[in-house]
$ cat protein-v5.cif   # mmCIF, C-alpha atoms and all ligand atoms
data_entry
loop_
_atom_site.label_atom_id
_atom_site.label_comp_id
_atom_site.auth_asym_id
_atom_site.auth_seq_id
_atom_site.Cartn_x
_atom_site.Cartn_y
_atom_site.Cartn_z
CA MET A 1 -2.99 1.19 10.80
CA GLU A 2 -0.63 -0.73 13.11
CA ARG A 3 -3.51 -2.84 14.36
CA PHE A 4 -4.27 -3.77 10.78
CA PHE A 5 -0.76 -5.01 10.07
CA TYR A 6 -0.37 -6.86 13.35
CA ALA A 7 -3.72 -8.55 12.91
CA HIS A 8 -2.65 -9.86 9.52
CA ALA A 9 0.82 -10.78 10.74
CA ALA A 10 -0.77 -12.98 13.37
CA ALA A 11 -2.84 -14.61 10.67
CA GLY A 12 0.30 -15.42 8.68
CA CYS A 13 -0.59 -13.34 5.65
CA PHE A 14 2.68 -11.42 5.47
CA PRO A 15 6.27 -12.27 6.39
CA LEU A 16 7.77 -10.03 9.07
CA SER A 17 10.18 -8.46 6.57
CA PHE A 18 7.23 -7.21 4.57
CA LEU A 19 5.69 -5.64 7.66
CA LEU A 20 8.93 -3.83 8.47
CA VAL A 21 9.20 -2.22 5.05
CA SER A 22 5.49 -1.73 4.54
CA LEU A 23 5.16 1.41 6.61
CA THR A 24 7.90 3.06 4.55
CA MET A 25 6.24 1.87 1.37
CA GLU A 26 2.97 3.30 2.59
CA GLN A 27 4.54 6.73 2.93
CA LEU A 28 6.16 6.40 -0.48
CA PHE A 29 2.93 5.49 -2.19
CA HIS A 30 0.84 8.34 -0.83
CA GLY A 31 -0.77 6.19 1.82
CA ARG A 32 -1.49 3.20 -0.42
CA ILE A 33 0.63 0.10 -0.88
CA MET A 34 0.62 -0.09 -4.64
CA ARG A 35 2.96 1.37 -7.18
CA PHE A 36 2.72 1.36 -10.95
CA THR A 37 5.64 2.36 -13.10
CA VAL A 38 5.44 2.67 -16.87
CA GLU A 39 8.85 1.38 -17.88
CA HIS A 40 8.57 1.96 -21.59
CA PHE A 41 6.18 3.40 -24.17
CA ASP A 42 6.37 1.80 -27.61
CA ALA A 43 7.55 4.57 -29.93
CA ARG A 44 4.89 4.06 -32.65
CA SER A 45 1.80 2.98 -30.68
CA GLY A 46 0.17 3.54 -27.33
CA ALA A 47 1.49 0.20 -26.05
CA ARG A 48 3.35 0.32 -22.78
CA ALA A 49 5.37 -2.05 -20.60
CA GLY A 50 5.06 -1.47 -16.89
CA MET A 51 5.60 -2.86 -13.42
CA LEU A 52 2.76 -3.10 -10.92
CA SER A 53 4.14 -3.51 -7.41
CA LEU A 54 1.64 -4.98 -4.95
CA PRO A 55 1.88 -6.23 -1.35
CA HIS A 56 2.18 -9.86 -2.49
CA GLY A 57 4.62 -9.29 -5.35
CA ASP A 58 5.51 -7.56 -8.59
CA VAL A 59 3.40 -7.91 -11.74
CA PRO A 60 5.14 -7.10 -15.05
CA THR A 61 2.67 -5.70 -17.58
CA PRO A 62 1.00 -6.28 -19.99
CA VAL A 63 -0.32 -9.20 -17.96
CA PHE A 64 -2.97 -11.87 -18.28
CA MET A 65 -4.63 -12.85 -14.99
CA PRO A 66 -5.90 -16.46 -14.93
CA VAL A 67 -9.50 -16.58 -13.67
CA GLY A 68 -9.89 -18.41 -10.36
CA THR A 69 -13.52 -17.56 -9.69
CA GLN A 70 -14.13 -19.73 -6.62
CA GLY A 71 -10.60 -19.59 -5.19
CA THR A 72 -9.17 -22.00 -7.76
CA VAL A 73 -8.36 -21.87 -11.46
CA LYS A 74 -10.47 -24.72 -12.82
CA ALA A 75 -8.42 -27.88 -13.53
CA MET A 76 -5.20 -26.39 -12.09
CA THR A 77 -3.56 -26.71 -8.69
CA MET A 78 -1.76 -23.67 -7.28
CA ARG A 79 1.51 -25.49 -8.07
CA ASP A 80 0.45 -25.76 -11.72
CA ILE A 81 -0.30 -22.02 -11.78
CA GLU A 82 3.02 -21.18 -10.13
CA ASP A 83 4.76 -23.34 -12.76
CA THR A 84 3.25 -21.16 -15.50
CA ASP A 85 4.81 -18.19 -13.66
CA ALA A 86 1.52 -16.30 -13.45
CA PRO A 87 2.28 -13.26 -11.28
CA ILE A 88 -1.37 -12.62 -10.25
CA ILE A 89 -4.73 -14.40 -10.36
CA LEU A 90 -8.31 -13.20 -10.25
CA ASN A 91 -10.96 -14.35 -7.76
CA ASN A 92 -14.61 -13.34 -7.56
CA THR A 93 -16.28 -11.56 -4.66
CA TYR A 94 -19.83 -12.77 -5.41
CA HIS A 95 -18.81 -16.43 -5.42
CA LEU A 96 -16.49 -16.21 -2.39
CA PHE A 97 -19.11 -14.23 -0.46
CA LEU A 98 -21.72 -16.95 -1.03
CA ARG A 99 -19.28 -19.81 -0.52
CA PRO A 100 -17.19 -20.19 1.67
CA GLY A 101 -18.12 -16.72 3.06
CA LEU A 102 -16.16 -13.94 4.72
CA GLU A 103 -16.41 -15.39 8.22
CA LEU A 104 -14.62 -18.58 7.24
CA LEU A 105 -11.99 -16.71 5.21
CA GLU A 106 -11.25 -14.41 8.16
CA LYS A 107 -10.99 -17.46 10.41
CA ALA A 108 -8.45 -18.91 7.94
CA GLY A 109 -6.43 -15.66 8.19
CA CYS A 110 -7.08 -14.29 4.71
CA LEU A 111 -7.95 -15.44 1.22
CA HIS A 112 -4.27 -15.98 0.33
CA SER A 113 -3.63 -18.42 3.16
CA PHE A 114 -6.97 -20.21 2.65
CA ILE A 115 -6.33 -20.95 -1.01
CA GLY A 116 -2.56 -21.47 -0.71
CA TRP A 117 -1.53 -18.71 -3.14
CA GLN A 118 1.02 -16.17 -1.94
CA ARG A 119 1.25 -13.98 -5.06
CA PRO A 120 -1.13 -11.05 -5.74
CA ILE A 121 -4.90 -11.53 -6.06
CA LEU A 122 -7.41 -9.22 -7.74
CA THR A 123 -11.08 -9.71 -6.92
CA ASP A 124 -13.88 -8.73 -9.23
CA SER A 125 -16.63 -6.95 -7.30
CA GLY A 126 -19.28 -9.51 -8.17
CA GLY A 127 -21.57 -7.00 -9.84
CA PHE A 128 -21.37 -8.78 -13.19
CA GLN A 129 -22.25 -12.13 -11.55
CA VAL A 130 -25.18 -10.59 -9.66
CA TYR A 131 -26.63 -9.37 -12.96
CA SER A 132 -25.87 -12.55 -14.91
CA LEU A 133 -26.14 -15.45 -12.42
CA ALA A 134 -28.31 -14.42 -9.51
CA ASP A 135 -32.03 -13.75 -9.56
CA LEU A 136 -31.96 -9.94 -9.41
CA ARG A 137 -34.63 -8.65 -7.04
CA LYS A 138 -34.01 -4.93 -6.62
CA LEU A 139 -31.59 -2.43 -8.12
CA THR A 140 -31.57 1.07 -6.62
CA ASP A 141 -29.01 3.80 -5.98
CA GLU A 142 -28.53 2.23 -2.56
CA GLY A 143 -27.39 -1.16 -3.91
CA VAL A 144 -28.52 -4.42 -5.40
CA THR A 145 -30.63 -7.15 -3.78
CA PHE A 146 -30.38 -10.62 -5.28
CA LYS A 147 -31.24 -14.24 -4.70
CA SER A 148 -28.24 -16.58 -4.43
CA HIS A 149 -27.91 -19.00 -7.36
CA ILE A 150 -26.86 -21.66 -4.83
CA ASP A 151 -29.70 -21.81 -2.31
CA GLY A 152 -32.05 -18.94 -3.15
CA SER A 153 -31.16 -16.86 -0.05
CA LEU A 154 -31.64 -13.09 -0.36
CA PHE A 155 -28.63 -10.78 -0.04
CA THR A 156 -27.88 -7.12 -0.66
CA PHE A 157 -24.62 -5.74 -2.05
CA THR A 158 -23.90 -2.05 -1.55
CA PRO A 159 -20.75 -0.28 -2.79
CA GLU A 160 -19.64 -0.08 0.83
CA SER A 161 -20.27 -3.74 1.70
CA VAL A 162 -18.41 -4.92 -1.40
CA VAL A 163 -15.32 -2.86 -0.49
CA LYS A 164 -15.43 -4.19 3.07
CA LEU A 165 -15.77 -7.76 1.81
CA GLN A 166 -12.71 -7.42 -0.42
CA GLU A 167 -10.71 -5.71 2.34
CA GLY A 168 -11.70 -8.61 4.58
CA PHE A 169 -10.41 -11.08 1.97
CA GLY A 170 -7.08 -9.19 2.09
CA VAL A 171 -6.70 -8.97 -1.68
CA ASP A 172 -4.17 -6.76 -3.46
CA ILE A 173 -6.63 -5.16 -5.90
CA MET A 174 -10.36 -4.78 -5.40
CA MET A 175 -12.96 -3.62 -7.89
CA GLN A 176 -15.79 -1.22 -7.14
CA LEU A 177 -19.39 -2.44 -7.38
CA ASP A 178 -20.74 -1.22 -10.70
CA GLU A 179 -23.85 -1.59 -12.79
CA CYS A 180 -23.22 -3.52 -15.99
CA PRO A 181 -26.20 -3.38 -18.37
CA ALA A 182 -26.35 -5.52 -21.51
CA ALA A 183 -24.58 -4.00 -24.50
CA THR A 184 -27.91 -4.11 -26.35
CA SER A 185 -29.63 -1.86 -23.75
CA ASP A 186 -30.83 1.52 -24.95
CA LYS A 187 -28.61 4.56 -24.44
CA GLU A 188 -30.75 6.04 -21.68
CA ARG A 189 -30.49 2.84 -19.66
CA ILE A 190 -26.71 2.75 -20.15
CA SER A 191 -26.45 6.43 -19.22
CA ARG A 192 -28.27 5.74 -15.94
CA ALA A 193 -25.83 2.88 -15.26
CA VAL A 194 -22.90 5.25 -15.85
CA SER A 195 -24.28 7.76 -13.32
CA ARG A 196 -25.05 5.08 -10.76
CA SER A 197 -21.64 3.41 -11.17
CA LEU A 198 -19.95 6.79 -10.66
CA LEU A 199 -21.97 7.43 -7.53
CA TRP A 200 -21.00 3.95 -6.31
CA ALA A 201 -17.31 4.57 -7.13
CA GLU A 202 -17.33 7.66 -4.92
CA ARG A 203 -19.00 5.80 -2.07
CA SER A 204 -16.50 2.94 -2.50
CA ARG A 205 -13.59 5.37 -2.24
CA ASP A 206 -15.06 7.06 0.83
CA VAL A 207 -15.35 3.79 2.75
CA TRP A 208 -12.06 2.25 1.54
CA SER A 209 -9.59 2.10 4.44
CA SER A 210 -7.18 -0.83 3.96
CA PRO A 211 -3.85 0.28 2.49
CA GLN A 212 -3.16 -3.32 1.43
CA SER A 213 -6.08 -3.43 -1.02
CA SER A 214 -6.04 -0.91 -3.86
CA LEU A 215 -9.39 0.18 -5.26
CA PHE A 216 -9.96 0.30 -9.03
CA GLY A 217 -12.85 2.20 -10.62
CA ILE A 218 -14.76 0.76 -13.58
CA VAL A 219 -15.57 2.78 -16.70
CA GLN A 220 -19.00 1.91 -18.13
CA GLY A 221 -20.93 3.34 -21.09
CA GLY A 222 -21.55 0.48 -23.51
CA LEU A 223 -20.53 1.29 -27.06
CA HIS A 224 -21.25 5.00 -26.65
CA ALA A 225 -17.96 6.91 -26.76
CA ASP A 226 -19.50 10.02 -25.16
CA LEU A 227 -20.81 8.03 -22.17
CA ARG A 228 -17.48 6.20 -21.84
CA LEU A 229 -15.62 9.53 -21.72
CA GLN A 230 -18.11 10.94 -19.22
CA SER A 231 -17.61 7.86 -17.03
CA ALA A 232 -13.82 8.04 -17.36
CA GLU A 233 -13.72 11.75 -16.48
CA GLY A 234 -15.85 11.22 -13.39
CA LEU A 235 -13.65 8.37 -12.18
CA ILE A 236 -10.42 10.26 -12.88
CA GLY A 237 -11.78 13.01 -10.62
CA LEU A 238 -11.86 10.47 -7.77
CA ASP A 239 -8.09 9.86 -8.16
CA LEU A 240 -8.28 6.08 -7.76
CA PRO A 241 -5.11 3.93 -8.03
CA GLY A 242 -6.25 2.22 -11.24
CA TYR A 243 -9.05 2.09 -13.78
CA ALA A 244 -10.86 -0.72 -15.56
CA LEU A 245 -12.88 -0.84 -18.75
CA GLY A 246 -15.98 -2.87 -17.92
CA GLY A 247 -19.01 -3.95 -19.90
CA PHE A 248 -17.16 -5.21 -22.97
CA SER A 249 -17.52 -8.69 -24.43
CA VAL A 250 -21.13 -8.85 -23.22
CA GLY A 251 -22.79 -9.73 -26.49
CA GLU A 252 -21.57 -6.97 -28.82
CA LYS A 253 -19.34 -7.51 -31.86
CA MET A 254 -15.71 -6.92 -30.91
CA THR A 255 -15.20 -5.00 -34.17
CA ASP A 256 -17.73 -2.48 -32.79
CA ALA A 257 -15.99 -2.47 -29.41
CA TYR A 258 -12.39 -1.90 -30.57
CA PRO A 259 -12.71 1.84 -31.38
CA VAL A 260 -14.51 2.47 -28.06
CA ILE A 261 -11.92 0.51 -26.10
CA GLU A 262 -9.16 2.49 -27.82
CA GLN A 263 -10.76 5.87 -27.19
CA THR A 264 -11.55 5.03 -23.57
CA ALA A 265 -8.11 3.58 -22.78
CA ARG A 266 -6.38 6.62 -24.23
CA ALA A 267 -8.56 8.92 -22.08
CA LEU A 268 -7.33 7.31 -18.86
CA PRO A 269 -4.31 8.67 -16.95
CA ARG A 270 -1.00 7.51 -18.43
CA GLU A 271 0.55 6.93 -15.02
CA LYS A 272 -2.11 4.51 -13.76
CA PRO A 273 -2.82 0.87 -14.68
CA ARG A 274 -5.61 0.14 -17.17
CA TYR A 275 -7.50 -3.14 -16.97
CA LEU A 276 -9.80 -4.46 -19.72
CA MET A 277 -12.24 -6.76 -17.91
CA GLY A 278 -13.26 -10.13 -19.29
CA VAL A 279 -11.63 -9.71 -22.73
CA GLY A 280 -10.85 -11.83 -24.59
CA THR A 281 -9.33 -13.80 -27.45
CA PRO A 282 -5.57 -13.66 -28.08
CA GLU A 283 -6.37 -11.35 -31.02
CA ASP A 284 -8.33 -8.99 -28.70
CA ILE A 285 -5.39 -8.86 -26.29
CA VAL A 286 -2.82 -8.09 -29.00
CA ARG A 287 -5.01 -5.25 -30.30
CA ALA A 288 -5.88 -3.79 -26.88
CA VAL A 289 -2.25 -3.72 -25.77
CA GLY A 290 -1.72 -1.34 -28.69
CA TYR A 291 -4.41 0.91 -27.19
CA GLY A 292 -2.40 1.12 -23.96
CA VAL A 293 -4.20 -1.54 -21.90
CA ASP A 294 -2.05 -3.21 -19.22
CA MET A 295 -4.16 -5.94 -17.59
CA PHE A 296 -6.50 -8.65 -18.88
CA ASP A 297 -8.58 -11.54 -17.60
CA CYS A 298 -10.82 -13.97 -19.44
CA VAL A 299 -12.33 -17.42 -18.93
CA LEU A 300 -11.58 -18.38 -22.55
CA PRO A 301 -8.27 -20.26 -22.04
CA THR A 302 -9.63 -22.40 -19.20
CA ARG A 303 -13.17 -22.85 -20.56
CA CYS A 304 -11.98 -23.66 -24.10
CA ALA A 305 -9.44 -26.17 -22.72
CA ARG A 306 -12.28 -28.07 -21.03
CA ASN A 307 -14.03 -28.14 -24.42
CA GLY A 308 -10.99 -29.53 -26.23
CA LEU A 309 -9.83 -26.29 -27.86
CA CYS A 310 -6.18 -25.27 -27.57
CA PHE A 311 -4.69 -21.87 -28.39
CA CYS A 312 -1.39 -22.32 -30.21
CA SER A 313 1.20 -20.13 -31.91
CA HIS A 314 -0.13 -21.34 -35.30
CA GLY A 315 -3.81 -20.79 -34.38
CA LYS A 316 -6.44 -22.96 -32.68
CA LEU A 317 -6.25 -26.73 -32.35
CA ARG A 318 -9.32 -28.95 -31.72
CA ILE A 319 -7.95 -32.00 -30.01
CA LYS A 320 -10.77 -34.37 -31.01
CA ASN A 321 -9.92 -33.91 -34.70
CA ALA A 322 -9.11 -37.41 -36.08
CA ARG A 323 -5.90 -36.15 -37.68
CA TYR A 324 -4.28 -35.96 -34.23
CA LYS A 325 -4.84 -39.66 -33.46
CA ASP A 326 -1.31 -40.64 -34.48
CA ASP A 327 0.30 -37.20 -34.23
CA PHE A 328 3.24 -37.55 -31.88
CA THR A 329 4.23 -33.88 -31.81
CA PRO A 330 3.44 -31.48 -28.92
CA LEU A 331 0.25 -29.37 -28.86
CA ASP A 332 2.46 -26.40 -29.77
CA ALA A 333 6.14 -26.88 -30.62
CA ALA A 334 6.75 -23.23 -29.64
CA CYS A 335 5.38 -23.76 -26.10
CA SER A 336 7.46 -24.82 -23.11
CA CYS A 337 4.60 -25.74 -20.74
CA TYR A 338 4.54 -29.07 -18.91
CA ALA A 339 1.96 -30.52 -21.35
CA CYS A 340 3.99 -29.57 -24.43
CA ARG A 341 7.34 -30.62 -22.91
CA THR A 342 6.05 -34.03 -21.94
CA PHE A 343 3.10 -35.26 -24.03
CA THR A 344 1.97 -35.59 -27.63
CA ARG A 345 -1.22 -34.54 -29.40
CA GLY A 346 -1.97 -38.23 -29.93
CA TYR A 347 -1.77 -39.02 -26.21
CA ILE A 348 -3.81 -35.97 -25.10
CA ARG A 349 -6.44 -36.78 -27.77
CA HIS A 350 -6.59 -40.37 -26.45
CA LEU A 351 -7.19 -39.04 -22.90
CA TYR A 352 -9.82 -36.58 -24.16
CA MET A 353 -11.74 -39.21 -26.15
CA ALA A 354 -11.61 -41.55 -23.13
CA ASN A 355 -13.09 -38.79 -20.90
CA GLU A 356 -10.01 -38.71 -18.67
CA ILE A 357 -9.82 -35.49 -16.63
CA THR A 358 -6.04 -35.42 -17.20
CA ALA A 359 -6.76 -34.27 -20.78
CA LEU A 360 -8.57 -31.19 -19.44
CA ILE A 361 -5.79 -30.51 -16.92
CA LEU A 362 -3.06 -30.69 -19.58
CA MET A 363 -4.95 -28.52 -22.07
CA THR A 364 -5.73 -25.96 -19.33
CA ILE A 365 -2.05 -25.79 -18.35
CA HIS A 366 -1.19 -25.25 -22.01
CA ASN A 367 -3.83 -22.58 -22.70
CA VAL A 368 -3.03 -20.57 -19.58
CA THR A 369 0.67 -20.75 -20.47
CA TYR A 370 -0.15 -19.60 -24.00
CA TYR A 371 -1.99 -16.50 -22.72
CA LEU A 372 0.75 -15.68 -20.20
CA ASP A 373 3.46 -16.17 -22.85
CA LEU A 374 1.54 -13.98 -25.27
CA CYS A 375 1.63 -11.12 -22.75
CA ARG A 376 5.29 -11.78 -21.93
CA ARG A 377 6.17 -11.68 -25.65
CA LEU A 378 4.15 -8.49 -26.08
CA ARG A 379 6.06 -6.96 -23.18
CA GLN A 380 9.40 -7.85 -24.75
CA ALA A 381 8.31 -6.41 -28.10
CA ILE A 382 7.22 -3.14 -26.45
CA LEU A 383 10.51 -2.86 -24.55
CA GLN A 384 12.26 -3.13 -27.92
CA ASP A 385 9.94 -0.62 -29.67
CA ASP A 386 8.77 -3.52 -31.79
CA TYR A 387 5.02 -3.78 -31.03
CA GLN A 388 3.97 -3.03 -34.60
CA ARG A 389 6.07 -5.86 -36.05
CA PHE A 390 4.79 -8.21 -33.34
CA TYR A 391 1.22 -7.25 -34.28
CA GLU A 392 1.79 -7.93 -37.99
CA ASP A 393 3.63 -11.22 -37.39
CA PHE A 394 0.94 -12.36 -34.95
CA PHE A 395 -1.96 -11.76 -37.33
CA SER A 396 -0.18 -13.27 -40.34
CA ALA A 397 0.77 -16.39 -38.32
CA THR A 398 -2.76 -17.03 -37.02
CA ALA A 399 -4.80 -15.88 -40.06
CA GLY A 400 -7.03 -18.71 -41.24
CA ALA A 401 -5.25 -21.18 -38.95
CA ASP A 402 -8.49 -22.23 -37.24
CA GLN A 403 -9.81 -23.73 -40.45
CA LYS A 404 -6.59 -25.64 -41.03
CA SER A 405 -6.58 -27.13 -37.53
ZN ZN B 501 1.99 -25.84 -24.06
#

$ encode --input "protein-v5.cif" --output "structure tokens"
Amino acid sequence: MERFFYAHAAAGCFPLSFLLVSLTMEQLFHGRIMRFTVEHFDARSGARAGMLSLPHGDVPTPVFMPVGTQGTVKAMTMRDIEDTDAPIILNNTYHLFLRPGLELLEKAGCLHSFIGWQRPILTDSGGFQVYSLADLRKLTDEGVTFKSHIDGSLFTFTPESVVKLQEGFGVDIMMQLDECPAATSDKERISRAVSRSLLWAERSRDVWSSPQSSLFGIVQGGLHADLRLQSAEGLIGLDLPGYALGGFSVGEKMTDAYPVIEQTARALPREKPRYLMGVGTPEDIVRAVGYGVDMFDCVLPTRCARNGLCFCSHGKLRIKNARYKDDFTPLDAACSCYACRTFTRGYIRHLYMANEITALILMTIHNVTYYLDLCRRLRQAILQDDYQRFYEDFFSATAGADQKS
């Protein structure tokens, strides 16, 4: 234990003051340096406002985590992300493992110091990328062998190796390796994935040793409520620090997913954080918060920004629309981001039509701010027992707005 902290102190990952208090914190948190406190339950829904305390800082929930797959949020510098006041970002184990690799990250001290981000980091296990990006070669109970999408090299991920990779990165939250079949797979196939993911969760827990990195289990089960509950029950038995709902937004209709997300979220322990992976639209987030989900990530705000689509308080805005040519108002008058404080729709449209990368940067800053603000506003509403009114106002403000934009 002491060796662990001193090794990281030498690498510059933690200030000395953190090291001095960390041993006490470790005792407080039953041997793990993470604490989650539910500060308030909304009186009429399952929505909750909480505080997730991690080695690199506090994360008020509900929270949106900007996706920084390869150690950067596309089209944003770390200063831009700090300016949006994002308390945590997400990185991806598969991508960082392939490039730049654990050896280089350890040489740099840790992932935080390498990428210049001192707030919390959550890493996805990479399982989803192995199944979707890499050329999958072999999937057994032991692990998964795949061909890199970069140079075709063969690698094997096991539950154990993925935990050790994430511990080596020095992240605050790490995800177990899971099996994520397509939503359209038959029930038997999904049931096998549930069993295998549970087996892998147990092996991940058994090999997990770093108190700095908290391990989250992932509930699978497709759109089958019985499999989801079976998966949740098995994971709860492992007493992990937090639980995620995986395998949503993988091709199914969200209207089919909502009841399963609700049932699954409500089956998870009230005192632990719940993370809905890879979902979704602002509408999805507003709904899922009402089911008691605390954490979200999604590529939509950054990916849509690069395609000229902005999320605004009045709905979506497509910047290339000719009507914005001489529109000298901000993207969203209700937004206080750098892009909205400083520039007009007309100027950003001009940059976009001229293929200037600044257009993509400004729209990314705006969209990420919109998602973060949405979660901050949800949190305020929950603290005031006002989630239901927020929900109704949100859907009446954005209904049909896409067509008008
Ligand atoms: Zn803005």

$ residues_near_ligand --input "protein-v5.cif" --ligand "ligand ZN 501 (chain B)" --cutoff "6 Å" --atoms "all atoms listed in the file" --output "PDB file with C-alpha atoms, in the coordinates of the input"
ATOM      1  CA  ASP A 332       2.460 -26.400 -29.770  1.00  0.00           C
ATOM      2  CA  CYS A 335       5.380 -23.760 -26.100  1.00  0.00           C
ATOM      3  CA  SER A 336       7.460 -24.820 -23.110  1.00  0.00           C
ATOM      4  CA  CYS A 337       4.600 -25.740 -20.740  1.00  0.00           C
ATOM      5  CA  ALA A 339       1.960 -30.520 -21.350  1.00  0.00           C
ATOM      6  CA  CYS A 340       3.990 -29.570 -24.430  1.00  0.00           C
ATOM      7  CA  HIS A 366      -1.190 -25.250 -22.010  1.00  0.00           C
TER       8      HIS A 366
END

$ residues_around --input "protein-v5.cif" --residues "range 182-199 of chain A" --least-positions-apart "4" --cutoff "9 Å" --atoms "only C-alpha atoms" --output "mmCIF file with C-alpha atoms, keeping the file's coordinate frame"
data_model
loop_
_atom_site.group_PDB
_atom_site.id
_atom_site.type_symbol
_atom_site.label_atom_id
_atom_site.label_comp_id
_atom_site.auth_asym_id
_atom_site.auth_seq_id
_atom_site.Cartn_x
_atom_site.Cartn_y
_atom_site.Cartn_z
ATOM 1 C CA THR A 140 -31.570 1.070 -6.620
ATOM 2 C CA ASP A 141 -29.010 3.800 -5.980
ATOM 3 C CA GLN A 176 -15.790 -1.220 -7.140
ATOM 4 C CA LEU A 177 -19.390 -2.440 -7.380
ATOM 5 C CA ASP A 178 -20.740 -1.220 -10.700
ATOM 6 C CA ARG A 203 -19.000 5.800 -2.070
ATOM 7 C CA SER A 204 -16.500 2.940 -2.500
ATOM 8 C CA GLY A 217 -12.850 2.200 -10.620
ATOM 9 C CA ILE A 218 -14.760 0.760 -13.580
ATOM 10 C CA VAL A 219 -15.570 2.780 -16.700
ATOM 11 C CA GLN A 220 -19.000 1.910 -18.130
ATOM 12 C CA GLY A 221 -20.930 3.340 -21.090
ATOM 13 C CA GLY A 222 -21.550 0.480 -23.510
ATOM 14 C CA LEU A 223 -20.530 1.290 -27.060
ATOM 15 C CA HIS A 224 -21.250 5.000 -26.650
ATOM 16 C CA LEU A 227 -20.810 8.030 -22.170
ATOM 17 C CA ARG A 228 -17.480 6.200 -21.840
ATOM 18 C CA GLN A 230 -18.110 10.940 -19.220
ATOM 19 C CA SER A 231 -17.610 7.860 -17.030
ATOM 20 C CA GLY A 234 -15.850 11.220 -13.390
ATOM 21 C CA LEU A 235 -13.650 8.370 -12.180
ATOM 22 C CA GLY A 247 -19.010 -3.950 -19.900
ATOM 23 C CA PHE A 248 -17.160 -5.210 -22.970
ATOM 24 C CA SER A 249 -17.520 -8.690 -24.430
ATOM 25 C CA VAL A 250 -21.130 -8.850 -23.220
ATOM 26 C CA GLY A 251 -22.790 -9.730 -26.490
ATOM 27 C CA GLU A 252 -21.570 -6.970 -28.820
#

$ axis_aligned_box --input "protein-v5.cif" --around "range 106-111 of chain A" --padding-each-side "5 Å" --output "lines of an AutoDock Vina configuration file"
center_x = -8.8
center_y = -16.6
center_z = 5.8
size_x = 14.8
size_y = 14.6
size_z = 19.2

$ atom_distance --input "protein-v5.cif" --atom1 "CA of Glu392 in chain A" --atom2 "CA of Ala49 in chain A"
18.7 Å

$ residues_around --input "protein-v5.cif" --residues "Val286 in chain A" --least-positions-apart "3" --cutoff "9 Å" --atoms "all atoms listed in the file" --output "PyMOL selection string"
chain A and resi 281-283+289-290+374-375+378+390-391+394

$ closest_atom_pairs --input "protein-v5.cif" --of "range 110-223 of chain A" --to "range 83-91 of chain A" --cutoff "12 Å" --atoms "all atoms listed in the file" --output "Markdown table"
| residue | atom | partner | partner_atom | distance |
| --- | --- | --- | --- | --- |
| A:Leu111 | CA | A:Asn91 | CA | 9.5 |
| A:His112 | CA | A:Asn91 | CA | 10.6 |
| A:Ile115 | CA | A:Asn91 | CA | 10.5 |
| A:Trp117 | CA | A:Ile89 | CA | 9.0 |
| A:Gln118 | CA | A:Ile88 | CA | 9.3 |
| A:Arg119 | CA | A:Ile88 | CA | 6.0 |
| A:Pro120 | CA | A:Ile88 | CA | 4.8 |
| A:Ile121 | CA | A:Ile89 | CA | 5.2 |
| A:Leu122 | CA | A:Leu90 | CA | 4.8 |
| A:Thr123 | CA | A:Asn91 | CA | 4.7 |
| A:Asp124 | CA | A:Asn91 | CA | 6.5 |
| A:Ser125 | CA | A:Asn91 | CA | 9.3 |
| A:Gly126 | CA | A:Asn91 | CA | 9.6 |
| A:Gln166 | CA | A:Asn91 | CA | 10.2 |
| A:Phe169 | CA | A:Asn91 | CA | 10.3 |
| A:Gly170 | CA | A:Asn91 | CA | 11.8 |
| A:Val171 | CA | A:Asn91 | CA | 9.2 |
| A:Asp172 | CA | A:Ile88 | CA | 9.4 |
| A:Ile173 | CA | A:Leu90 | CA | 9.3 |
| A:Met174 | CA | A:Asn91 | CA | 9.9 |
| A:Met175 | CA | A:Leu90 | CA | 10.9 |

$ residues_around --input "protein-v5.cif" --residues "Tyr352 in chain A" --least-positions-apart "4" --cutoff "12 Å" --atoms "only C-alpha atoms" --output "PyMOL selection string"
chain A and resi 305-309+318-322+324-325+345-348+356-363

$ residues_around --input "protein-v5.cif" --residues "Asp42 in chain A" --least-positions-apart "2" --cutoff "10 Å" --atoms "only C-alpha atoms" --output "PyMOL selection string"
chain A and resi 40+44-49+290+292+379+381-388

$ closest_residue --input "protein-v5.cif" --among "A:Asn367, A:Thr344, A:Thr264, A:Thr158" --to "Phe64 in chain A" --atoms "all atoms listed in the file"
A:Asn367

$ closest_residue --input "protein-v5.cif" --among "A:Pro100, A:Gly152, A:Gly68, A:Gly50" --to "Val38 in chain A" --atoms "all atoms listed in the file"
A:Gly50

$ closest_residue --input "protein-v5.cif" --among "A:Asp326, A:Asp297, A:Asp373, A:Glu262" --to "Pro66 in chain A" --atoms "all atoms listed in the file"
A:Asp297

$ atom_distance --input "protein-v5.cif" --atom1 "CA of His314 in chain A" --atom2 "CA of Thr398 in chain A"
5.3 Å

$ atom_distance --input "protein-v5.cif" --atom1 "CA of Gly242 in chain A" --atom2 "CA of Pro273 in chain A"
5.0 Å
